[in-house]
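Visitor: Quick one, work_35.tsv (TSV, C-alpha atoms):
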```
chain	number	residue	atom	x	y	z
C	1	MET	CA	-72.68	-25.54	-22.35
C	2	LYS	CA	-70.10	-24.37	-19.80
C	3	ILE	CA	-68.18	-22.50	-22.49
C	4	ILE	CA	-71.35	-20.69	-23.66
C	5	LYS	CA	-72.19	-19.75	-20.08
C	6	SER	CA	-68.65	-18.50	-19.38
C	7	THR	CA	-68.58	-16.53	-22.64
C	8	PHE	CA	-71.95	-14.97	-21.82
C	9	LEU	CA	-70.71	-14.01	-18.34
C	10	LEU	CA	-67.49	-12.58	-19.75
C	11	ILE	CA	-69.37	-10.50	-22.36
C	12	THR	CA	-71.76	-9.22	-19.68
C	13	PHE	CA	-68.83	-8.31	-17.42
C	14	LEU	CA	-67.04	-6.52	-20.26
C	15	ALA	CA	-70.20	-4.64	-21.26
C	16	ILE	CA	-70.72	-3.49	-17.68
C	17	SER	CA	-67.06	-2.42	-17.39
C	18	ILE	CA	-67.21	-0.46	-20.66
C	19	ALA	CA	-70.48	1.20	-19.64
C	20	ALA	CA	-69.02	2.11	-16.25
C	21	GLN	CA	-65.89	3.53	-17.87
C	22	SER	CA	-67.77	5.60	-20.42
C	23	SER	CA	-69.92	7.20	-17.74
C	24	ASP	CA	-66.97	7.90	-15.45
C	25	VAL	CA	-66.07	11.51	-16.16
C	26	THR	CA	-62.86	11.26	-14.12
C	27	LYS	CA	-61.42	9.10	-16.93
C	28	GLU	CA	-61.94	11.89	-19.47
C	29	PRO	CA	-58.72	13.59	-20.67
C	30	GLY	CA	-60.16	17.01	-19.85
C	31	TYR	CA	-60.86	16.11	-16.23
C	32	VAL	CA	-58.55	17.51	-13.58
C	33	ASP	CA	-58.31	16.37	-10.00
C	34	PHE	CA	-57.56	19.53	-8.01
C	35	GLY	CA	-56.50	17.40	-5.05
C	36	ASP	CA	-57.60	18.00	-1.51
C	37	LEU	CA	-59.68	21.17	-1.36
C	38	ALA	CA	-61.45	20.12	1.84
C	39	LYS	CA	-59.01	22.04	4.02
C	40	PHE	CA	-60.26	25.30	2.48
C	41	GLU	CA	-63.88	24.53	3.32
C	42	ALA	CA	-63.38	25.99	6.78
C	43	SER	CA	-63.31	29.39	5.13
C	44	THR	CA	-66.31	31.69	5.70
C	45	GLY	CA	-67.48	31.66	2.12
C	46	VAL	CA	-67.50	28.39	0.20
C	47	THR	CA	-69.28	27.55	-3.06
C	48	GLU	CA	-69.22	24.24	-4.87
C	49	VAL	CA	-71.01	23.65	-8.14
C	50	VAL	CA	-71.06	20.25	-9.84
C	51	LEU	CA	-73.09	20.00	-13.04
C	52	ASP	CA	-72.86	16.67	-14.82
C	53	GLU	CA	-73.88	15.72	-18.35
C	54	ASP	CA	-77.55	15.15	-17.43
C	55	LEU	CA	-77.91	18.57	-15.87
C	56	LEU	CA	-76.02	20.30	-18.65
C	57	SER	CA	-78.33	18.74	-21.21
C	58	VAL	CA	-81.30	20.06	-19.20
C	59	LEU	CA	-79.68	23.51	-19.28
C	60	ALA	CA	-79.04	23.13	-23.00
C	61	GLU	CA	-82.68	22.32	-23.64
C	62	ILE	CA	-83.85	25.37	-21.74
C	63	SER	CA	-81.20	27.65	-23.24
C	64	THR	CA	-82.38	27.17	-26.82
C	65	ASP	CA	-84.90	29.99	-26.53
C	66	GLU	CA	-82.23	32.50	-25.53
C	67	ASP	CA	-79.38	31.52	-27.78
C	68	PRO	CA	-79.45	28.48	-30.06
C	69	ASN	CA	-75.64	28.28	-30.01
C	70	VAL	CA	-75.60	27.78	-26.27
C	71	MET	CA	-77.43	24.48	-26.70
C	72	GLU	CA	-74.67	23.23	-28.97
C	73	ILE	CA	-71.97	24.36	-26.54
C	74	LEU	CA	-73.62	22.82	-23.51
C	75	ASN	CA	-74.42	19.56	-25.28
C	76	GLY	CA	-70.74	18.92	-25.82
C	77	LEU	CA	-69.95	19.23	-22.13
C	78	LYS	CA	-69.66	16.39	-19.67
C	79	LEU	CA	-68.92	18.23	-16.47
C	80	VAL	CA	-68.74	21.73	-15.07
C	81	ARG	CA	-67.21	21.87	-11.64
C	82	ALA	CA	-66.35	24.97	-9.66
C	83	ASN	CA	-64.96	25.41	-6.17
C	84	VAL	CA	-64.79	28.94	-4.83
C	85	PHE	CA	-63.36	29.93	-1.44
C	86	GLU	CA	-63.31	33.23	0.36
C	87	VAL	CA	-59.76	34.36	0.94
C	88	ASP	CA	-58.72	35.39	4.43
C	89	LYS	CA	-55.44	35.89	6.27
C	90	LYS	CA	-55.33	32.24	7.35
C	91	ASN	CA	-55.70	30.59	3.97
C	92	THR	CA	-54.11	33.05	1.51
C	93	SER	CA	-50.69	31.43	1.30
C	94	GLU	CA	-52.09	27.90	1.08
C	95	LEU	CA	-54.53	28.89	-1.66
C	96	GLU	CA	-51.72	30.60	-3.58
C	97	ALA	CA	-49.65	27.44	-3.21
C	98	LYS	CA	-52.58	25.41	-4.52
C	99	VAL	CA	-52.90	27.64	-7.60
C	100	ASN	CA	-49.16	27.25	-8.24
C	101	ASN	CA	-49.24	23.47	-7.68
C	102	ILE	CA	-52.07	23.07	-10.16
C	103	ASP	CA	-50.13	25.24	-12.63
C	104	SER	CA	-47.06	22.95	-12.42
C	105	LYS	CA	-49.20	19.83	-12.63
C	106	LEU	CA	-51.14	20.98	-15.69
C	107	VAL	CA	-48.20	22.39	-17.59
C	108	SER	CA	-46.25	19.17	-17.05
C	109	SER	CA	-49.17	17.05	-18.27
C	110	ASN	CA	-49.64	18.69	-21.68
C	111	TRP	CA	-52.19	21.30	-20.72
C	112	LYS	CA	-51.68	24.58	-22.56
C	113	ARG	CA	-51.80	27.77	-20.51
C	114	ILE	CA	-53.63	30.31	-22.68
C	115	VAL	CA	-54.05	33.08	-20.12
C	116	LYS	CA	-51.63	34.03	-17.37
C	117	THR	CA	-52.25	37.07	-15.24
C	118	ARG	CA	-49.98	37.95	-12.38
C	119	SER	CA	-50.22	41.20	-10.50
C	120	LYS	CA	-49.74	42.26	-6.91
C	121	ASP	CA	-53.35	41.44	-6.04
C	122	GLU	CA	-54.26	38.73	-8.47
C	123	ILE	CA	-53.17	35.50	-10.09
C	124	ALA	CA	-55.36	34.06	-12.83
C	125	ASN	CA	-54.66	31.23	-15.25
C	126	VAL	CA	-56.70	29.60	-18.00
C	127	TYR	CA	-55.62	26.26	-19.45
C	128	ILE	CA	-56.91	24.07	-22.24
C	129	LYS	CA	-56.37	20.41	-23.00
C	130	GLN	CA	-56.41	19.37	-26.63
C	131	GLY	CA	-57.46	15.94	-27.82
C	132	ALA	CA	-56.00	13.87	-30.63
C	133	ASN	CA	-57.85	15.85	-33.31
C	134	LYS	CA	-56.73	19.17	-31.77
C	135	LYS	CA	-60.18	19.75	-30.38
C	136	ILE	CA	-60.31	21.19	-26.91
C	137	VAL	CA	-61.51	18.50	-24.51
C	138	GLY	CA	-61.01	20.30	-21.22
C	139	LEU	CA	-60.64	23.72	-19.70
C	140	VAL	CA	-59.34	24.85	-16.33
C	141	VAL	CA	-59.51	28.25	-14.70
C	142	THR	CA	-57.62	28.96	-11.48
C	143	SER	CA	-57.70	32.31	-9.85
C	144	ILE	CA	-56.96	34.08	-6.61
C	145	ASP	CA	-57.32	37.70	-5.56
C	146	ASP	CA	-57.76	39.35	-2.19
C	147	GLU	CA	-61.40	38.24	-1.98
C	148	GLU	CA	-61.82	34.84	-3.60
C	149	ALA	CA	-59.97	31.85	-4.93
C	150	ALA	CA	-61.61	29.77	-7.64
C	151	PHE	CA	-60.90	26.43	-9.26
C	152	VAL	CA	-63.00	25.62	-12.31
C	153	ASN	CA	-62.87	22.56	-14.54
C	154	ILE	CA	-65.02	22.19	-17.64
C	155	VAL	CA	-64.84	18.76	-19.28
C	156	GLY	CA	-66.03	18.05	-22.81
C	157	THR	CA	-65.69	19.29	-26.34
C	158	ILE	CA	-65.16	23.03	-26.36
C	159	ASP	CA	-64.77	25.26	-29.38
C	160	LEU	CA	-62.24	28.07	-28.83
C	161	ALA	CA	-64.58	30.48	-30.61
C	162	THR	CA	-67.31	29.71	-28.09
C	163	ILE	CA	-65.20	29.91	-24.94
C	164	GLY	CA	-66.43	33.46	-24.46
C	165	LYS	CA	-70.02	32.23	-24.55
C	166	LEU	CA	-69.17	29.60	-21.98
C	167	GLY	CA	-67.75	32.37	-19.81
C	168	LYS	CA	-70.95	34.33	-20.21
C	169	GLN	CA	-73.12	31.31	-19.47
C	170	PHE	CA	-71.19	30.38	-16.34
C	171	ASN	CA	-70.20	33.90	-15.33
C	172	ILE	CA	-66.45	33.34	-15.57
C	173	PRO	CA	-65.03	36.71	-16.67
C	174	GLN	CA	-61.60	35.25	-17.48
C	175	LEU	CA	-63.15	33.30	-20.34
C	176	ASN	CA	-64.86	36.41	-21.67
C	177	GLY	CA	-61.39	37.88	-21.78
C	178	VAL	CA	-60.17	35.02	-23.95
C	179	ASN	CA	-62.94	35.73	-26.41
C	180	HIS	CA	-62.19	39.44	-26.58
C	181	LYS	CA	-58.51	38.70	-27.03
C	182	ASP	CA	-59.24	36.42	-29.95
C	183	LYS	CA	-61.44	39.02	-31.57
C	184	SER	CA	-58.80	41.70	-31.28
C	185	ASP	CA	-56.22	39.31	-32.69
C	186	GLU	CA	-58.43	38.65	-35.66
C	187	GLU	CA	-58.82	42.37	-36.30
R	1	MET	CA	-128.92	4.19	-4.10
R	2	LYS	CA	-129.25	7.39	-6.13
R	3	ASN	CA	-128.58	9.46	-3.02
R	4	LYS	CA	-125.40	7.50	-2.32
R	5	ILE	CA	-124.01	8.39	-5.75
R	6	TYR	CA	-123.91	12.02	-4.66
R	7	LEU	CA	-121.64	10.99	-1.82
R	8	LEU	CA	-118.99	9.61	-4.16
R	9	PRO	CA	-117.47	12.98	-5.14
R	10	ILE	CA	-117.25	13.88	-1.46
R	11	LEU	CA	-115.47	10.60	-0.72
R	12	PHE	CA	-113.00	11.15	-3.57
R	13	LEU	CA	-112.49	14.84	-2.88
R	14	PRO	CA	-109.52	14.31	-0.52
R	15	LEU	CA	-107.77	12.31	-3.25
R	16	PHE	CA	-107.89	15.27	-5.64
R	17	LEU	CA	-107.34	17.93	-3.07
R	18	ASN	CA	-104.33	16.38	-1.40
R	19	GLY	CA	-103.44	19.97	-0.76
R	20	CYS	CA	-102.28	20.51	2.76
R	21	LEU	CA	-101.18	17.18	4.07
R	22	GLY	CA	-98.19	16.55	6.26
R	23	ILE	CA	-94.73	16.01	4.89
R	24	ASN	CA	-93.65	12.46	4.09
R	25	GLU	CA	-91.23	10.27	6.05
R	26	GLU	CA	-88.35	10.84	3.67
R	27	PHE	CA	-88.67	14.61	3.96
R	28	GLU	CA	-88.78	14.20	7.74
R	29	SER	CA	-85.63	12.13	7.74
R	30	VAL	CA	-83.69	14.78	5.74
R	31	ARG	CA	-85.03	17.46	8.10
R	32	ASP	CA	-83.88	15.44	11.14
R	33	VAL	CA	-80.39	14.98	9.74
R	34	VAL	CA	-80.05	18.70	8.94
R	35	LEU	CA	-81.37	19.74	12.35
R	36	LEU	CA	-79.06	17.31	14.13
R	37	SER	CA	-76.01	18.45	12.16
R	38	SER	CA	-76.75	22.11	12.77
R	39	GLY	CA	-76.31	21.59	16.52
R	40	ASN	CA	-79.06	24.13	17.29
R	41	ASP	CA	-82.65	23.67	18.53
R	42	TYR	CA	-85.44	24.54	16.14
R	43	LYS	CA	-89.21	24.54	16.32
R	44	SER	CA	-91.45	23.94	13.37
R	45	GLU	CA	-93.14	27.09	12.07
R	46	PHE	CA	-95.05	25.12	9.47
R	47	GLN	CA	-94.59	22.12	7.26
R	48	PHE	CA	-96.90	20.87	4.56
R	49	SER	CA	-97.12	19.13	1.23
R	50	ILE	CA	-99.12	20.20	-1.79
R	51	GLY	CA	-100.32	17.75	-4.40
R	52	SER	CA	-101.01	18.38	-8.05
R	53	VAL	CA	-104.32	20.18	-7.55
R	54	GLY	CA	-102.88	22.36	-4.81
R	55	VAL	CA	-99.92	23.22	-7.04
R	56	THR	CA	-102.24	24.20	-9.89
R	57	ILE	CA	-104.28	26.43	-7.58
R	58	SER	CA	-101.06	27.98	-6.25
R	59	SER	CA	-99.88	28.73	-9.78
R	60	TRP	CA	-103.21	30.43	-10.51
R	61	ALA	CA	-102.78	32.47	-7.36
R	62	ILE	CA	-99.29	33.51	-8.47
R	63	ASP	CA	-100.58	34.34	-11.95
R	64	VAL	CA	-103.24	36.63	-10.47
R	65	SER	CA	-101.33	38.13	-7.56
R	66	SER	CA	-98.08	39.10	-9.21
R	67	ASP	CA	-96.08	39.07	-12.37
R	68	GLU	CA	-93.67	36.42	-11.10
R	69	ASP	CA	-93.48	34.59	-14.43
R	70	ILE	CA	-90.68	32.27	-13.33
R	71	ALA	CA	-92.48	30.94	-10.24
R	72	SER	CA	-95.64	30.43	-12.25
R	73	LYS	CA	-93.78	28.63	-15.05
R	74	ILE	CA	-92.06	26.34	-12.56
R	75	LEU	CA	-95.29	25.50	-10.78
R	76	ASP	CA	-96.95	24.60	-14.09
R	77	ASP	CA	-94.59	21.64	-14.45
R	78	VAL	CA	-94.52	20.55	-10.83
R	79	SER	CA	-96.62	17.68	-9.49
R	80	SER	CA	-95.95	18.05	-5.77
R	81	VAL	CA	-94.19	20.31	-3.32
R	82	GLN	CA	-93.19	19.79	0.31
R	83	VAL	CA	-92.14	22.71	2.43
R	84	GLY	CA	-90.85	22.98	5.98
R	85	VAL	CA	-89.92	26.18	7.81
R	86	TYR	CA	-88.22	25.95	11.20
R	87	LYS	CA	-87.37	28.79	13.56
R	88	LYS	CA	-84.24	28.65	15.75
R	89	LEU	CA	-85.00	28.44	19.47
R	90	ARG	CA	-81.58	27.90	20.98
R	91	GLY	CA	-78.01	27.53	19.84
R	92	THR	CA	-75.19	29.66	18.60
R	93	ASN	CA	-73.75	27.49	15.86
R	94	PRO	CA	-73.52	29.51	12.64
R	95	PRO	CA	-74.53	28.12	9.23
R	96	ASP	CA	-71.38	26.20	8.43
R	97	PHE	CA	-70.33	24.34	5.28
R	98	GLN	CA	-69.51	21.38	7.53
R	99	ILE	CA	-73.27	20.81	7.99
R	100	LEU	CA	-73.62	20.13	4.27
R	101	LYS	CA	-70.64	17.80	4.42
R	102	ASP	CA	-72.12	15.96	7.40
R	103	ILE	CA	-75.44	15.33	5.71
R	104	GLU	CA	-73.91	14.28	2.37
R	105	PRO	CA	-73.68	10.52	3.15
R	106	GLU	CA	-77.30	10.45	4.28
R	107	MET	CA	-78.44	12.35	1.18
R	108	GLN	CA	-76.43	10.06	-1.10
R	109	LYS	CA	-77.89	6.99	0.60
R	110	SER	CA	-81.36	8.24	-0.36
R	111	GLY	CA	-80.29	8.87	-3.96
R	112	TRP	CA	-79.79	12.64	-3.72
R	113	ARG	CA	-76.70	14.22	-5.25
R	114	SER	CA	-75.64	17.76	-4.64
R	115	ILE	CA	-75.32	20.17	-7.53
R	116	ILE	CA	-74.74	23.35	-5.56
R	117	ARG	CA	-73.46	23.72	-2.00
R	118	SER	CA	-72.57	27.11	-0.70
R	119	SER	CA	-72.03	28.85	2.59
R	120	SER	CA	-71.41	32.41	3.60
R	121	GLU	CA	-71.27	34.14	6.94
R	122	LYS	CA	-75.06	34.22	7.27
R	123	GLU	CA	-76.44	31.63	4.91
R	124	LEU	CA	-76.01	28.04	3.90
R	125	THR	CA	-77.56	26.59	0.74
R	126	GLY	CA	-77.63	23.04	-0.52
R	127	ILE	CA	-79.37	22.07	-3.74
R	128	TYR	CA	-79.80	18.39	-4.53
R	129	VAL	CA	-81.37	16.46	-7.40
R	130	ARG	CA	-82.61	12.93	-7.75
R	131	LYS	CA	-83.60	10.68	-10.67
R	132	ASP	CA	-86.60	8.39	-10.92
R	133	LYS	CA	-86.47	4.74	-12.02
R	134	GLN	CA	-86.47	5.82	-15.66
R	135	GLU	CA	-83.32	7.87	-14.96
R	136	VAL	CA	-85.21	11.13	-15.39
R	137	LEU	CA	-84.32	14.00	-13.07
R	138	ASN	CA	-87.62	14.60	-11.40
R	139	ARG	CA	-86.88	15.71	-7.85
R	140	LEU	CA	-85.19	18.75	-6.41
R	141	PHE	CA	-84.39	19.39	-2.76
R	142	VAL	CA	-83.34	22.79	-1.46
R	143	ILE	CA	-81.88	23.36	1.99
R	144	SER	CA	-81.55	26.96	3.07
R	145	LEU	CA	-80.22	27.63	6.53
R	146	GLU	CA	-79.96	31.17	7.81
R	147	ASP	CA	-78.93	32.39	11.21
R	148	ASP	CA	-82.40	32.04	12.72
R	149	GLU	CA	-84.34	29.95	10.23
R	150	LEU	CA	-84.16	26.71	8.29
R	151	VAL	CA	-86.20	26.27	5.13
R	152	LEU	CA	-86.53	22.95	3.33
R	153	VAL	CA	-88.30	22.55	0.01
R	154	GLU	CA	-88.76	19.42	-2.07
R	155	VAL	CA	-90.23	19.68	-5.55
R	156	GLU	CA	-91.28	16.79	-7.75
R	157	GLY	CA	-92.28	16.84	-11.40
R	158	ASP	CA	-90.84	18.05	-14.68
R	159	LEU	CA	-87.97	20.04	-13.26
R	160	ARG	CA	-86.27	21.33	-16.40
R	161	GLU	CA	-87.52	24.86	-15.95
R	162	ALA	CA	-86.97	24.82	-12.20
R	163	LEU	CA	-83.44	23.43	-12.53
R	164	ALA	CA	-82.44	25.91	-15.20
R	165	ASN	CA	-83.65	28.77	-13.04
R	166	VAL	CA	-82.03	27.46	-9.86
R	167	ILE	CA	-78.71	26.94	-11.63
R	168	LYS	CA	-78.85	30.37	-13.22
R	169	GLU	CA	-79.79	32.02	-9.93
R	170	LYS	CA	-77.49	30.17	-7.57
R	171	GLY	CA	-74.99	28.10	-9.47
R	172	MET	CA	-73.49	30.26	-12.12
R	173	ASP	CA	-72.53	33.20	-10.07
R	174	ILE	CA	-68.85	32.33	-10.07
R	175	GLU	CA	-67.44	35.82	-9.96
R	176	ILE	CA	-63.70	35.31	-10.13
```
Kindly present the structure from the file in structure tokens form.
Guide:
Amino acid sequence: MKIIKSTFLLITFLAISIAAQSSDVTKEPGYVDFGDLAKFEASTGVTEVVLDEDLLSVLAEISTDEDPNVMEILNGLKLVRANVFEVDKKNTSELEAKVNNIDSKLVSSNWKRIVKTRSKDEIANVYIKQGANKKIVGLVVTSIDDEEAAFVNIVGTIDLATIGKLGKQFNIPQLNGVNHKDKSDEE
Amino acid sequence: MKNKIYLLPILFLPLFLNGCLGINEEFESVRDVVLLSSGNDYKSEFQFSIGSVGVTISSWAIDVSSDEDIASKILDDVSSVQVGVYKKLRGTNPPDFQILKDIEPEMQKSGWRSIIRSSSEKELTGIYVRKDKQEVLNRLFVISLEDDELVLVEVEGDLREALANVIKEKGMDIEI
């Protein structure tokens, strides 16, 4: 009797652990911890968007009328997170350092940088993480110019051909750029 | 006895027309936390809740008065709305992101999770959602704090349309 009880308890415990793990988006390979961004929240303009799987599926449901493909794209996503900070004289160098730190961290952990823009006024990077079957399982956009710095992480299955649509859906121009680039390459 | 039957609809009328009742305790507690964190003094301009019948009447009014399709569509799926508008009396504290950080533990304790938090020089916005026991997202709370006014809105019902619109309006404007 004791053995049955212990086995039952063990199975229950394992089931709970597995369920907890599967719902924990931070364990996903496409998830990126940007580290401590709280210090930038003192800036005048701050925006934080966190859309989890539930919300994205709501968006997908609604989006079907406009573009049926968007539903498919959104349904594959597990998280869309964006942190945007207004750039001022006080935080410019620290935000630039953050963008560079994230670059080193991602490149050294098998993320592929697919867009790199560096000019006098702007730094912008787009990275993708590929899963075992070469599917993209995560996307990161980091960017800083003289007005705003942005850190975006999209977790979930993403098709390279639809990255542009994701950019359109979430208003991330860098991703639109990726799409255009691909098109021109194809031509 | 027959005469008393005529009284029944009058007795039940308030149940159907739970239109302009006061806000509930939970709404009050969120309001108190926001007001306390803001560090300014506010006075209530108005606060009320609208039940299902009131919401339906409001959506008719919107249908007739304007061509605001989105508002009308949202109201069609909503079962209740609570609104509070508070005018600043005293205080010089600006709308600061820290206010949203301060209230986060209290919101989380009540089951709210933030989907959008943003602050600019003149405005602070917090948008929160909450699930029911069946794990369905059915409640939305919006905090909008401007220099001289605080507006709180809680919406309950089928929020798919409302959420999609809120996210499109407020959340996706990540101009990099």
Visitor: R:Glu156, R:Glu45, R:Glu161, R:Glu146: which is nearest chain C, counting all atoms listed in the file?
Guide: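 Ranked by minimum distance to chain C, first place goes to R:Glu161.
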Visitor: Please indicate the distance in Å from CA of Gln98 (chain R) to CA of Lys131 (chain R), rounded to one decimal place.
Guide: 25.4 Å
Visitor: Counting only C-alpha atoms, which residues of chain C fall within 10 Å of chain R, and what is the closest atom pair for each with its distance in Å at one decimal, ordered by chain and rising number, as JSON lines?
Guide:
```
{"residue": "C:Ala38", "atom": "CA", "partner": "R:Lys101", "partner_atom": "CA", "distance": 9.8}
{"residue": "C:Glu41", "atom": "CA", "partner": "R:Phe97", "partner_atom": "CA", "distance": 6.7}
{"residue": "C:Ala42", "atom": "CA", "partner": "R:Phe97", "partner_atom": "CA", "distance": 7.3}
{"residue": "C:Ser43", "atom": "CA", "partner": "R:Phe97", "partner_atom": "CA", "distance": 8.6}
{"residue": "C:Thr44", "atom": "CA", "partner": "R:Ser120", "partner_atom": "CA", "distance": 5.6}
{"residue": "C:Gly45", "atom": "CA", "partner": "R:Ser120", "partner_atom": "CA", "distance": 4.3}
{"residue": "C:Val46", "atom": "CA", "partner": "R:Ser119", "partner_atom": "CA", "distance": 5.1}
{"residue": "C:Thr47", "atom": "CA", "partner": "R:Ser118", "partner_atom": "CA", "distance": 4.1}
{"residue": "C:Glu48", "atom": "CA", "partner": "R:Arg117", "partner_atom": "CA", "distance": 5.1}
{"residue": "C:Val49", "atom": "CA", "partner": "R:Ile116", "partner_atom": "CA", "distance": 4.5}
{"residue": "C:Val50", "atom": "CA", "partner": "R:Ile115", "partner_atom": "CA", "distance": 4.8}
{"residue": "C:Leu51", "atom": "CA", "partner": "R:Ile115", "partner_atom": "CA", "distance": 5.9}
{"residue": "C:Asp52", "atom": "CA", "partner": "R:Ile115", "partner_atom": "CA", "distance": 8.5}
{"residue": "C:Asp54", "atom": "CA", "partner": "R:Leu137", "partner_atom": "CA", "distance": 8.1}
{"residue": "C:Leu55", "atom": "CA", "partner": "R:Leu163", "partner_atom": "CA", "distance": 8.1}
{"residue": "C:Leu56", "atom": "CA", "partner": "R:Ala164", "partner_atom": "CA", "distance": 9.2}
{"residue": "C:Ser57", "atom": "CA", "partner": "R:Arg160", "partner_atom": "CA", "distance": 9.6}
{"residue": "C:Val58", "atom": "CA", "partner": "R:Arg160", "partner_atom": "CA", "distance": 5.8}
{"residue": "C:Leu59", "atom": "CA", "partner": "R:Ala164", "partner_atom": "CA", "distance": 5.5}
{"residue": "C:Ala60", "atom": "CA", "partner": "R:Ala164", "partner_atom": "CA", "distance": 9.0}
{"residue": "C:Glu61", "atom": "CA", "partner": "R:Arg160", "partner_atom": "CA", "distance": 8.1}
{"residue": "C:Ile62", "atom": "CA", "partner": "R:Ala164", "partner_atom": "CA", "distance": 6.7}
{"residue": "C:Ser63", "atom": "CA", "partner": "R:Ala164", "partner_atom": "CA", "distance": 8.3}
{"residue": "C:Arg81", "atom": "CA", "partner": "R:Ile115", "partner_atom": "CA", "distance": 9.2}
{"residue": "C:Ala82", "atom": "CA", "partner": "R:Ile174", "partner_atom": "CA", "distance": 7.8}
{"residue": "C:Asn83", "atom": "CA", "partner": "R:Ile174", "partner_atom": "CA", "distance": 8.8}
{"residue": "C:Val84", "atom": "CA", "partner": "R:Ile174", "partner_atom": "CA", "distance": 7.4}
{"residue": "C:Phe85", "atom": "CA", "partner": "R:Ser119", "partner_atom": "CA", "distance": 9.6}
{"residue": "C:Glu86", "atom": "CA", "partner": "R:Ser120", "partner_atom": "CA", "distance": 8.8}
{"residue": "C:Ala124", "atom": "CA", "partner": "R:Ile176", "partner_atom": "CA", "distance": 8.9}
{"residue": "C:Val141", "atom": "CA", "partner": "R:Ile176", "partner_atom": "CA", "distance": 9.4}
{"residue": "C:Thr142", "atom": "CA", "partner": "R:Ile176", "partner_atom": "CA", "distance": 8.9}
{"residue": "C:Ser143", "atom": "CA", "partner": "R:Ile176", "partner_atom": "CA", "distance": 6.7}
{"residue": "C:Ile144", "atom": "CA", "partner": "R:Ile176", "partner_atom": "CA", "distance": 7.7}
{"residue": "C:Asp145", "atom": "CA", "partner": "R:Ile176", "partner_atom": "CA", "distance": 8.2}
{"residue": "C:Glu147", "atom": "CA", "partner": "R:Ile176", "partner_atom": "CA", "distance": 9.0}
{"residue": "C:Glu148", "atom": "CA", "partner": "R:Ile176", "partner_atom": "CA", "distance": 6.8}
{"residue": "C:Ala149", "atom": "CA", "partner": "R:Ile176", "partner_atom": "CA", "distance": 7.3}
{"residue": "C:Ala150", "atom": "CA", "partner": "R:Ile176", "partner_atom": "CA", "distance": 6.4}
{"residue": "C:Phe151", "atom": "CA", "partner": "R:Ile176", "partner_atom": "CA", "distance": 9.4}
{"residue": "C:Val152", "atom": "CA", "partner": "R:Ile174", "partner_atom": "CA", "distance": 9.2}
{"residue": "C:Gly167", "atom": "CA", "partner": "R:Ile174", "partner_atom": "CA", "distance": 9.8}
{"residue": "C:Lys168", "atom": "CA", "partner": "R:Met172", "partner_atom": "CA", "distance": 9.4}
{"residue": "C:Gln169", "atom": "CA", "partner": "R:Met172", "partner_atom": "CA", "distance": 7.4}
{"residue": "C:Phe170", "atom": "CA", "partner": "R:Met172", "partner_atom": "CA", "distance": 4.8}
{"residue": "C:Asn171", "atom": "CA", "partner": "R:Ile174", "partner_atom": "CA", "distance": 5.7}
{"residue": "C:Ile172", "atom": "CA", "partner": "R:Ile174", "partner_atom": "CA", "distance": 6.1}
{"residue": "C:Pro173", "atom": "CA", "partner": "R:Ile176", "partner_atom": "CA", "distance": 6.8}
{"residue": "C:Gln174", "atom": "CA", "partner": "R:Ile176", "partner_atom": "CA", "distance": 7.6}
```
Visitor: So how far away is CA of Gln47 (chain R) from CA of Phe27 (chain R), in Å?
Guide: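 Atom-to-atom, CA of Phe27 (chain R) to CA of Gln47 (chain R), that is 10.1 Å.
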Visitor: So that I can see what lies close to region 111-117 of chain C, please list as a PyMOL selection string the residues with an atom at most 8 Å from it, counting only C-alpha atoms and leaving out residues fewer than 6 positions away in the same chain.
Guide: chain C and resi 123-130+178
Visitor: Please compute the CA of Lys105 (chain C)-CA of Asp159 (chain C) distance, one decimal, in Å.
Guide: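 CA of Lys105 (chain C) sits 23.5 Å away from CA of Asp159 (chain C).
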Visitor: Give as a short mmCIF file (atom, residue, chain, number, x, y, z; two decimals) with C-alpha atoms, in the coordinates of the input each residue that has an atom at most 8 Å from (-93.5, 24.1, 10.8) in the file, counting all atoms listed in the file.
Guide:
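Just written: selection33.cif:
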```cif
data_model
loop_
_atom_site.label_atom_id
_atom_site.label_comp_id
_atom_site.auth_asym_id
_atom_site.auth_seq_id
_atom_site.Cartn_x
_atom_site.Cartn_y
_atom_site.Cartn_z
CA LYS R 43 -89.21 24.54 16.32
CA SER R 44 -91.45 23.94 13.37
CA GLU R 45 -93.14 27.09 12.07
CA PHE R 46 -95.05 25.12 9.47
CA GLN R 47 -94.59 22.12 7.26
CA PHE R 48 -96.90 20.87 4.56
CA GLY R 84 -90.85 22.98 5.98
CA VAL R 85 -89.92 26.18 7.81
CA TYR R 86 -88.22 25.95 11.20
#
```
